[in-house]
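Scroll down for the structure; my scribbles are underneath it.
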Number of protein chains: 4
Amino acid sequence: MTLQFALFGAGRIGAIHAGNMARNPRADLRYVVDVNGTAAQKLAQAHGAVATDVKAALDDPSVGAVLIASSTDTHADLFIASSKAGKAIFCEKPIDLSLARVDQCLAAVNATGVPMLVGFNRRFDPSFKALKGRLDQGEVGNVEQVIISSRDPAPPSLTYVKVSGGLFRDMMIHDFDMARWLLGEEPQTVFAMASSVVDAEIGRAGDVDSAMVVMCTRSGRLCHINNSRRASYGYDQRIEVHGSKGRLIAGNPTPTTVEIANADGVLGNKPYHFFLERYAEAYASELDQFIAAVSERRSMPVSAEDGRRALVLAEAAIQSLDTGVAVSVAP
Amino acid sequence: MTLQFALFGAGRIGAIHAGNMARNPRADLRYVVDVNGTAAQKLAQAHGAVATDVKAALDDPSVGAVLIASSTDTHADLFIASSKAGKAIFCEKPIDLSLARVDQCLAAVNATGVPMLVGFNRRFDPSFKALKGRLDQGEVGNVEQVIISSRDPAPPSLTYVKVSGGLFRDMMIHDFDMARWLLGEEPQTVFAMASSVVDAEIGRAGDVDSAMVVMCTRSGRLCHINNSRRASYGYDQRIEVHGSKGRLIAGNPTPTTVEIANADGVLGNKPYHFFLERYAEAYASELDQFIAAVSERRSMPVSAEDGRRALVLAEAAIQSLDTGVAVSVAP
Amino acid sequence: MTLQFALFGAGRIGAIHAGNMARNPRADLRYVVDVNGTAAQKLAQAHGAVATDVKAALDDPSVGAVLIASSTDTHADLFIASSKAGKAIFCEKPIDLSLARVDQCLAAVNATGVPMLVGFNRRFDPSFKALKGRLDQGEVGNVEQVIISSRDPAPPSLTYVKVSGGLFRDMMIHDFDMARWLLGEEPQTVFAMASSVVDAEIGRAGDVDSAMVVMCTRSGRLCHINNSRRASYGYDQRIEVHGSKGRLIAGNPTPTTVEIANADGVLGNKPYHFFLERYAEAYASELDQFIAAVSERRSMPVSAEDGRRALVLAEAAIQSLDTGVAVSVAP
Amino acid sequence: MTLQFALFGAGRIGAIHAGNMARNPRADLRYVVDVNGTAAQKLAQAHGAVATDVKAALDDPSVGAVLIASSTDTHADLFIASSKAGKAIFCEKPIDLSLARVDQCLAAVNATGVPMLVGFNRRFDPSFKALKGRLDQGEVGNVEQVIISSRDPAPPSLTYVKVSGGLFRDMMIHDFDMARWLLGEEPQTVFAMASSVVDAEIGRAGDVDSAMVVMCTRSGRLCHINNSRRASYGYDQRIEVHGSKGRLIAGNPTPTTVEIANADGVLGNKPYHFFLERYAEAYASELDQFIAAVSERRSMPVSAEDGRRALVLAEAAIQSLDTGVAVSVAP
């Protein structure tokens, strides 16, 4: 039995998910919905689906799941409506930029009991997943420190910056999720430093483009996250976990293994350019596990609560940045 | 327009190609043929195809192409029949173990003019292809030496060894093709040394399990190939090209980038286990380029003549091994 | 002309310096002084020097330089006495655990004008020095972020912990110096988090064994330092500098390049075990540059002020750890 | 007790050994002898030695050892004279270009029983030695294949080429020694291919600049050696040993660990430029072990017979190159 999907959002990330549905034997893309009718039309056609509106999609009882990949400000409404319609929900991160609104969404899924996954795609990256698996098997003993590096190839447009919710909610939210996942304990204190050393315009727009966070859990596990909106060599996404018995590192995969040696040195590949390339496998695997969890009524690999906790950490970081003080996070 | 395929052979490699057809929007698997009717049935069903026999498949005018992935001794007959039926041919290597028979096959396709690709999948590996591209762009200048390492994880069964045609025709044939591709000139002399140091049973079966070849082209370019039927760490497939201006290396890709550091050292991933894993992308790309060449009437990326030349080098190596003398290859 | 040395301290680090003097054609070890007379005797004998006391060593006009490698609490007195005696001073870090006392030392050298180097040996490590050279040549453009990892193989004894001045003054002081050196601007704000997750005994002794610091300069350059007293895989000392045009990394050198591949993976060397091995070359180069600066009346590669500024940052980190607030550092 | 040395040869390699003697507490350089009196004078002065002639050096009973680092054509005479004078002999490779002459040298040391080491410095390289140690401990099981890459940064002068004895006796001789050392069995058959693809002038001078050899031992262990007189990226010296239980690789060490990532890729260090840099540690260790063997009357780590066997393999390679036939080597 395949799972029939309605896809909200026909943009870049929507297209990724549509492609993965086409390649997944257990998925069937039924509807595409987008405020841009032409985009919806085009993506629907490419995959034998129908462009329609939200109501029609949610009213169709054959639709078992929705994938919310529209602009962030539309997530919560779609989320709540889909929940009421009894559809399983795959929601791109963040659920919403407002914690209050996220709580409403969580209340909605709790009320209806629909299965729900928040799109923290990095948990499905083969290298990060393998690292986590080895961590869970105790290969490095008790976790002591986690170091997460996460750097985009180039800053987004100022237009996007202004509606993004800021670096902590928009970009570092992924790393807050990774931190929780890897620390094995909830962070209790959060401190942030940041600047707009990459582009002063971003600073003038009220955001930062470079940030460093440190966090501590109750038992004293420490975590550092660094973010930058610029990395001339491509998308830099690395993790280090230091434990009582050793260190696990997951570095950047590369498109090929080719290296050239000449009078300049030994030159290897850059990392993949950006998330679409780096996380191609992760997106496919994420969808597949969502379908598996819905079909087999298993618990979701990333829960709504995971989406909420990451936002809580982002809020704490923002408050810390404003005050210069470490912020305590409620357990 | 999709290309309709008849697939001959429902074994391991046939299943790979069937899966790639399913994922390729320009391919349509119509028929599966295998002496093992159950296997044909099962593979056909999995992909919405029909299990049938050779005649029926070749008689269907809607079938535009055949993919020959059956046992080696059936290749030539299927090849010639398909050629007569006017089908485009994708033939797994080797076309045949006998050079005379290969020549008959080449005569057949020359007579009918059907497009034909021999399945030297390694040319489609992302790393090897990238290396070749940079070579062709002159990044290391004039080619001086090529070194090819190719090692299987474990020996095949003795049953297989006995019908395989021997290591040079069965295994090193891939490397002979890579050598020609990378040298940019035909090898003129071939010398081989070999032994059954891995497993004396293989020696008693009349074959070798470890071999080293050196070759020289007319302008003095040198090439070394080493093969082993055993590599406890997995499938080892590496290339080095030394040119007047530098060195290109394509190493083994790994499933993940995870490494662990502990009291023993710093431990990274093994290479992929075997060809199905290592060359998964190569197989998909090979099929795609076959379809593109057929559809767009472009020349095949690997020609029947390429299949023949690799076998000529294998024959020379075998003769050299028997005599202890370097063997000249006709240009 | 060789420079005659009096060496204060015949312990582990004193022995390193004595050995480097023996191998350096411009150095001559004249006297060894240690409260442990036997140790002084033994080290002196091994290098054709004389064991004596402080006064005799400083009174000898042929002695041009002192190397202070005794226990930290004796540094300042020896420093001031040597300065008064007009000797060039090579002082192991830290000059003193008290900032006030360091200021007295600086006043002393300022008054007498003797050349003075503080032993921040890492600046002389071939890899770190090469990284710094490339940074200074603008290879990665404007510095945006610096990340320093510094991890000891195993915690020191509790006895040492209690007199060490604490992790920030004893261990991270090196990293504060590296941070200043690499940032190219003075840090303006310092924040620290720390715990005793490695060994609770260290916590009970009033110290921490795991720490993470973030700092920010006036122009918004960010710096992260992580420290741990435990790394089962050896001495882990790495640097990353992210600039507007790229990233520079200096990783851990290894004793050999040997790697083994087997069914477990591909296993390379651990880093060197600890600082004596890792920084062997750095110590020799540091001494050589000290001698060169004295002989050629050039400015010292690491000044007394550098020693002071690193301690200021350590103090700020300690204050931040106590208060949970980012601490401003006077420019 | 130090060992008093007479050094024959004040050129590049002589200077290396003189420097190592100066740094070795058990060595004392007494005499330097060179046909170029000025060079001898200068090197002697730099190390507190005396420039003299062969007779005076060998007549001095305080001289315990000679180090023969003069031009190859003078080795045998010096060797035999030193042997008669009862001096321990450290002779740079090759002992002589003529096998007959080498046999006379061996007869000489056999007659007098003086300790003798032939300067195959690579056996003392930390990485190669570590690889060999792990091989001997059975870490990869039974040896099946050895692959040796050895490439110079740039061709020597034509003048040198003409007196060098040719690539096999001059350059590959080192690799023949490594091959024997690693195979653990004597090669029984040798085959060589070669060309002057790097520089046709070298061909016209009667030599080759690019060569590939394959060898086989009695039990079927295979070995490949590749040599080139040109490697634009520096001195390339790598070893692979494949055994029944795994693979050992020793790659090229690099001056630093610094790598830069930018829009071009990730660029690491080149290997060391040439043998003086790459094998600096090996030369020091070689001298030290020579002294240890003399002082402690232990067997030499590289014997005169080792020097002879490597030349035998070079001769076989040359004969093979001339005839196109694999050459058998007497056991």
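Naming works like this for the structure tokens: A, B, ... for the chains as they're shown, residue 1 at the start of each chain, ligands 1 onward in shown order.
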
Report as JSON lines the residues of range 268-316 of chain A within 12 Å of range 62-74 of chain A, each with its shortest atom pair and distance in Å (one decimal), using only C-alpha atoms, ordered by chain and increasing residue number.
```
{"residue": "A:Glu286", "atom": "CA", "partner": "A:Leu67", "partner_atom": "CA", "distance": 11.8}
{"residue": "A:Leu287", "atom": "CA", "partner": "A:Leu67", "partner_atom": "CA", "distance": 9.5}
{"residue": "A:Phe290", "atom": "CA", "partner": "A:Ala65", "partner_atom": "CA", "distance": 9.7}
{"residue": "A:Ile291", "atom": "CA", "partner": "A:Ala65", "partner_atom": "CA", "distance": 8.8}
{"residue": "A:Ala293", "atom": "CA", "partner": "A:Ala65", "partner_atom": "CA", "distance": 11.7}
{"residue": "A:Val294", "atom": "CA", "partner": "A:Ala65", "partner_atom": "CA", "distance": 8.6}
{"residue": "A:Ser295", "atom": "CA", "partner": "A:Gly64", "partner_atom": "CA", "distance": 9.8}
```

Kindly save the residues from that selection, with N, CA, C and O atoms included, as a PDB file, in the first residue's frame.
```
ATOM      1  N   GLU A 286      14.755  10.413   5.016  1.00  0.00           N
ATOM      2  CA  GLU A 286      13.802  11.048   5.947  1.00  0.00           C
ATOM      3  C   GLU A 286      12.358  10.737   5.512  1.00  0.00           C
ATOM      4  O   GLU A 286      11.522  10.341   6.323  1.00  0.00           O
ATOM      5  N   LEU A 287      12.106  10.910   4.223  1.00  0.00           N
ATOM      6  CA  LEU A 287      10.767  10.622   3.705  1.00  0.00           C
ATOM      7  C   LEU A 287      10.418   9.159   3.904  1.00  0.00           C
ATOM      8  O   LEU A 287       9.318   8.800   4.328  1.00  0.00           O
ATOM      9  N   PHE A 290       9.580   8.465   7.449  1.00  0.00           N
ATOM     10  CA  PHE A 290       8.264   9.026   7.776  1.00  0.00           C
ATOM     11  C   PHE A 290       7.179   8.055   7.325  1.00  0.00           C
ATOM     12  O   PHE A 290       6.261   7.717   8.088  1.00  0.00           O
ATOM     13  N   ILE A 291       7.309   7.593   6.084  1.00  0.00           N
ATOM     14  CA  ILE A 291       6.311   6.661   5.542  1.00  0.00           C
ATOM     15  C   ILE A 291       6.274   5.373   6.372  1.00  0.00           C
ATOM     16  O   ILE A 291       5.197   4.870   6.719  1.00  0.00           O
ATOM     17  N   ALA A 293       7.073   4.987   9.477  1.00  0.00           N
ATOM     18  CA  ALA A 293       6.484   5.220  10.797  1.00  0.00           C
ATOM     19  C   ALA A 293       4.964   5.324  10.692  1.00  0.00           C
ATOM     20  O   ALA A 293       4.228   4.800  11.541  1.00  0.00           O
ATOM     21  N   VAL A 294       4.483   5.993   9.629  1.00  0.00           N
ATOM     22  CA  VAL A 294       3.030   6.100   9.446  1.00  0.00           C
ATOM     23  C   VAL A 294       2.435   4.722   9.163  1.00  0.00           C
ATOM     24  O   VAL A 294       1.472   4.301   9.811  1.00  0.00           O
ATOM     25  N   SER A 295       3.054   4.012   8.214  1.00  0.00           N
ATOM     26  CA  SER A 295       2.490   2.729   7.768  1.00  0.00           C
ATOM     27  C   SER A 295       2.522   1.693   8.876  1.00  0.00           C
ATOM     28  O   SER A 295       1.584   0.899   9.024  1.00  0.00           O
TER      29      SER A 295
END
```

**Report entry** All residues 8 Å or closer to Arg238 in chain D, only C-alpha atoms, same chain fewer than 5 positions away omitted, as number ranges by chain
**Finding:** D: 148-150, 249-252

Could you list, as a PyMOL selection string, the residues of chain C having an atom within 8 Å of chain A when counting only C-alpha atoms? chain C and resi 144+193-198+210-216+219-224+230-233+242+244-247+324-326

So that I have them on file, write out the residues from the current selection with N, CA, C and O atoms, as a short mmCIF file (atom, residue, chain, number, x, y, z; two decimals), in the first residue's frame.
```
data_model
loop_
_atom_site.label_atom_id
_atom_site.label_comp_id
_atom_site.auth_asym_id
_atom_site.auth_seq_id
_atom_site.Cartn_x
_atom_site.Cartn_y
_atom_site.Cartn_z
N GLU C 144 37.51 35.79 10.35
CA GLU C 144 36.15 35.87 10.88
C GLU C 144 35.95 35.02 12.12
O GLU C 144 35.27 35.42 13.06
N MET C 193 32.32 28.43 29.94
CA MET C 193 31.53 27.37 30.59
C MET C 193 32.50 26.24 30.89
O MET C 193 33.43 26.01 30.11
N ALA C 194 32.25 25.54 31.98
CA ALA C 194 33.18 24.46 32.33
C ALA C 194 32.53 23.50 33.30
O ALA C 194 31.49 23.79 33.90
N SER C 195 33.13 22.33 33.42
CA SER C 195 32.62 21.32 34.34
C SER C 195 33.74 20.35 34.69
O SER C 195 34.84 20.44 34.14
N SER C 196 33.42 19.45 35.58
CA SER C 196 34.39 18.39 35.88
C SER C 196 33.78 17.06 35.49
O SER C 196 33.69 16.13 36.28
N VAL C 197 33.37 16.96 34.23
CA VAL C 197 32.70 15.77 33.73
C VAL C 197 33.69 14.60 33.57
O VAL C 197 33.29 13.43 33.57
N VAL C 198 34.98 14.92 33.47
CA VAL C 198 35.98 13.86 33.33
C VAL C 198 36.23 13.17 34.67
O VAL C 198 36.25 11.95 34.77
N SER C 210 37.07 20.29 31.99
CA SER C 210 36.49 20.43 30.66
C SER C 210 35.99 21.86 30.55
O SER C 210 35.27 22.31 31.45
N ALA C 211 36.36 22.54 29.50
CA ALA C 211 35.97 23.94 29.42
C ALA C 211 35.78 24.37 27.98
O ALA C 211 36.45 23.89 27.07
N MET C 212 34.83 25.29 27.81
CA MET C 212 34.60 25.91 26.51
C MET C 212 34.50 27.41 26.70
O MET C 212 33.74 27.88 27.56
N VAL C 213 35.24 28.12 25.88
CA VAL C 213 35.24 29.58 25.96
C VAL C 213 34.84 30.14 24.60
O VAL C 213 35.15 29.54 23.57
N VAL C 214 34.13 31.25 24.61
CA VAL C 214 33.93 32.03 23.37
C VAL C 214 34.35 33.46 23.65
O VAL C 214 34.17 33.97 24.76
N MET C 215 34.93 34.07 22.63
CA MET C 215 35.41 35.45 22.77
C MET C 215 35.04 36.23 21.51
O MET C 215 34.85 35.65 20.45
N CYS C 216 34.97 37.55 21.67
CA CYS C 216 34.66 38.39 20.52
C CYS C 216 35.58 39.61 20.52
O CYS C 216 35.86 40.18 21.58
N SER C 219 35.91 44.20 16.23
CA SER C 219 35.33 44.20 14.88
C SER C 219 34.41 43.01 14.64
O SER C 219 33.91 42.82 13.54
N GLY C 220 34.21 42.19 15.67
CA GLY C 220 33.25 41.09 15.54
C GLY C 220 33.86 39.75 15.18
O GLY C 220 33.14 38.81 14.84
N ARG C 221 35.17 39.62 15.25
CA ARG C 221 35.78 38.31 15.04
C ARG C 221 35.48 37.44 16.26
O ARG C 221 35.63 37.88 17.40
N LEU C 222 35.11 36.20 16.00
CA LEU C 222 34.72 35.30 17.08
C LEU C 222 35.78 34.22 17.27
O LEU C 222 36.44 33.80 16.31
N CYS C 223 35.91 33.76 18.49
CA CYS C 223 36.88 32.70 18.77
C CYS C 223 36.30 31.71 19.77
O CYS C 223 35.68 32.11 20.77
N HIS C 224 36.48 30.45 19.47
CA HIS C 224 36.09 29.39 20.41
C HIS C 224 37.32 28.58 20.80
O HIS C 224 38.13 28.22 19.94
N ARG C 230 41.26 15.14 29.23
CA ARG C 230 41.35 13.73 28.82
C ARG C 230 41.09 13.55 27.33
O ARG C 230 40.10 14.04 26.80
N ALA C 231 41.95 12.80 26.68
CA ALA C 231 41.75 12.41 25.29
C ALA C 231 42.44 11.06 25.13
O ALA C 231 43.66 10.99 25.02
N SER C 232 41.65 10.01 25.11
CA SER C 232 42.23 8.66 25.15
C SER C 232 43.14 8.38 23.96
O SER C 232 43.95 7.47 23.98
N TYR C 233 42.99 9.19 22.89
CA TYR C 233 43.77 8.95 21.67
C TYR C 233 45.04 9.79 21.63
O TYR C 233 45.75 9.78 20.62
N HIS C 242 38.82 30.62 10.03
CA HIS C 242 37.89 30.87 8.93
C HIS C 242 38.00 32.34 8.54
O HIS C 242 37.85 33.22 9.39
N SER C 244 37.38 35.44 5.19
CA SER C 244 36.43 35.82 4.15
C SER C 244 36.69 35.04 2.86
O SER C 244 35.79 34.87 2.04
N LYS C 245 37.92 34.53 2.67
CA LYS C 245 38.24 33.86 1.41
C LYS C 245 38.55 32.37 1.58
O LYS C 245 38.95 31.71 0.61
N GLY C 246 38.38 31.81 2.78
CA GLY C 246 38.67 30.39 2.92
C GLY C 246 38.96 29.99 4.35
O GLY C 246 38.79 30.78 5.28
N ARG C 247 39.38 28.78 4.49
CA ARG C 247 39.60 28.19 5.81
C ARG C 247 41.00 27.59 5.88
O ARG C 247 41.40 26.84 4.99
N GLY C 324 28.57 33.66 35.22
CA GLY C 324 27.63 33.34 34.14
C GLY C 324 27.42 34.50 33.18
O GLY C 324 26.48 34.51 32.40
N VAL C 325 28.30 35.49 33.27
CA VAL C 325 28.17 36.69 32.46
C VAL C 325 29.43 36.86 31.62
O VAL C 325 30.52 36.53 32.06
N ALA C 326 29.26 37.36 30.40
CA ALA C 326 30.42 37.66 29.56
C ALA C 326 31.19 38.81 30.19
O ALA C 326 30.60 39.80 30.63
#
```

- Message: So that I can check the secondary structure, give me every residue of range 179-310 of chain A assigned strand (DSSP E or B) by backbone DSSP, as a PyMOL selection string.
- Response: chain A and resi 187-195+210-217+222-228+236-243+246-250+258-262+265-268

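Pairwise distance (CA of Tyr31 in chain A, CA of Ala6 in chain A) equals 4.6 Å.
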
query: Contacts of Ala40 in chain A at 10 Å or less, counting only C-alpha atoms, minus same-chain residues fewer than 5 places along, as a VMD selection string?
result: chain A and resid 7 to 11 14 to 15 31 to 35 45 49 to 53

Go ahead and dump the residues you just picked, N, CA and C atoms, as a PDB file, in the first residue's frame.
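The new file part01.pdb reads:
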```
ATOM      1  N   LEU A   7       1.246  17.791  -1.127  1.00  0.00           N
ATOM      2  CA  LEU A   7       2.454  18.576  -0.887  1.00  0.00           C
ATOM      3  C   LEU A   7       2.102  20.047  -0.871  1.00  0.00           C
ATOM      4  N   PHE A   8       2.366  20.724   0.245  1.00  0.00           N
ATOM      5  CA  PHE A   8       2.164  22.175   0.321  1.00  0.00           C
ATOM      6  C   PHE A   8       3.504  22.870   0.081  1.00  0.00           C
ATOM      7  N   GLY A   9       3.604  23.598  -1.006  1.00  0.00           N
ATOM      8  CA  GLY A   9       4.852  24.288  -1.325  1.00  0.00           C
ATOM      9  C   GLY A   9       5.515  23.650  -2.527  1.00  0.00           C
ATOM     10  N   ALA A  10       5.656  24.435  -3.602  1.00  0.00           N
ATOM     11  CA  ALA A  10       6.247  23.899  -4.838  1.00  0.00           C
ATOM     12  C   ALA A  10       7.575  24.559  -5.138  1.00  0.00           C
ATOM     13  N   GLY A  11       8.231  25.049  -4.102  1.00  0.00           N
ATOM     14  CA  GLY A  11       9.536  25.701  -4.292  1.00  0.00           C
ATOM     15  C   GLY A  11      10.668  24.693  -4.310  1.00  0.00           C
ATOM     16  N   GLY A  14      10.237  21.833  -1.823  1.00  0.00           N
ATOM     17  CA  GLY A  14       9.068  21.049  -2.234  1.00  0.00           C
ATOM     18  C   GLY A  14       9.425  20.138  -3.400  1.00  0.00           C
ATOM     19  N   ALA A  15      10.187  20.670  -4.340  1.00  0.00           N
ATOM     20  CA  ALA A  15      10.579  19.886  -5.514  1.00  0.00           C
ATOM     21  C   ALA A  15      11.440  18.692  -5.112  1.00  0.00           C
ATOM     22  N   TYR A  31      -1.443  15.533  -4.682  1.00  0.00           N
ATOM     23  CA  TYR A  31      -1.738  16.961  -4.887  1.00  0.00           C
ATOM     24  C   TYR A  31      -0.524  17.831  -4.620  1.00  0.00           C
ATOM     25  N   VAL A  32      -0.444  18.909  -5.388  1.00  0.00           N
ATOM     26  CA  VAL A  32       0.531  19.961  -5.092  1.00  0.00           C
ATOM     27  C   VAL A  32      -0.238  21.257  -4.906  1.00  0.00           C
ATOM     28  N   VAL A  33       0.057  21.969  -3.803  1.00  0.00           N
ATOM     29  CA  VAL A  33      -0.630  23.224  -3.508  1.00  0.00           C
ATOM     30  C   VAL A  33       0.422  24.312  -3.357  1.00  0.00           C
ATOM     31  N   ASP A  34       0.218  25.448  -4.014  1.00  0.00           N
ATOM     32  CA  ASP A  34       1.141  26.573  -3.835  1.00  0.00           C
ATOM     33  C   ASP A  34       0.405  27.865  -4.185  1.00  0.00           C
ATOM     34  N   VAL A  35       0.724  28.952  -3.478  1.00  0.00           N
ATOM     35  CA  VAL A  35       0.101  30.241  -3.826  1.00  0.00           C
ATOM     36  C   VAL A  35       0.479  30.621  -5.245  1.00  0.00           C
ATOM     37  N   GLN A  45       2.470  18.388 -12.642  1.00  0.00           N
ATOM     38  CA  GLN A  45       2.558  17.727 -13.943  1.00  0.00           C
ATOM     39  C   GLN A  45       3.782  16.810 -14.043  1.00  0.00           C
ATOM     40  N   ALA A  49       0.756  14.440 -10.688  1.00  0.00           N
ATOM     41  CA  ALA A  49      -0.125  14.831  -9.599  1.00  0.00           C
ATOM     42  C   ALA A  49      -1.060  15.940 -10.086  1.00  0.00           C
ATOM     43  N   VAL A  50      -1.886  16.423  -9.186  1.00  0.00           N
ATOM     44  CA  VAL A  50      -2.882  17.441  -9.534  1.00  0.00           C
ATOM     45  C   VAL A  50      -2.614  18.686  -8.694  1.00  0.00           C
ATOM     46  N   ALA A  51      -2.621  19.836  -9.339  1.00  0.00           N
ATOM     47  CA  ALA A  51      -2.495  21.087  -8.595  1.00  0.00           C
ATOM     48  C   ALA A  51      -3.882  21.443  -8.063  1.00  0.00           C
ATOM     49  N   THR A  52      -3.945  21.771  -6.787  1.00  0.00           N
ATOM     50  CA  THR A  52      -5.259  22.081  -6.222  1.00  0.00           C
ATOM     51  C   THR A  52      -5.089  23.080  -5.082  1.00  0.00           C
ATOM     52  N   ASP A  53      -6.162  23.253  -4.254  1.00  0.00           N
ATOM     53  CA  ASP A  53      -6.021  24.158  -3.108  1.00  0.00           C
ATOM     54  C   ASP A  53      -6.033  23.349  -1.814  1.00  0.00           C
TER      55      ASP A  53
END
```

From CA of Asn110 in chain D to CA of Ala88 in chain D the spacing works out at 12.3 Å

Å distance separating CA of Ser328 in chain A from CA of Ala314 in chain A, one decimal place: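 Straight-line distance from CA of Ser328 in chain A to CA of Ala314 in chain A works out to 12.2 Å.
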
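Residues surrounding Leu158 in chain A within 12 Å are Ser164, Gly166, Asp199, Ala200, Glu201, Ile202, Gly203, Arg204, Ala205, Gly206, Asp207, Val208 and Asp209 of chain A [only C-alpha atoms; sequence separation below 6 positions excluded].
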
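Neighbours of Gly113 in chain C closer than or equal to 10 Å, with only C-alpha atoms counted and sequence neighbours fewer than 5 positions away skipped, come out as C:Ser83, C:Lys84, C:Gly86, C:Lys87, C:Ala88, C:Ala107, C:Ala108.
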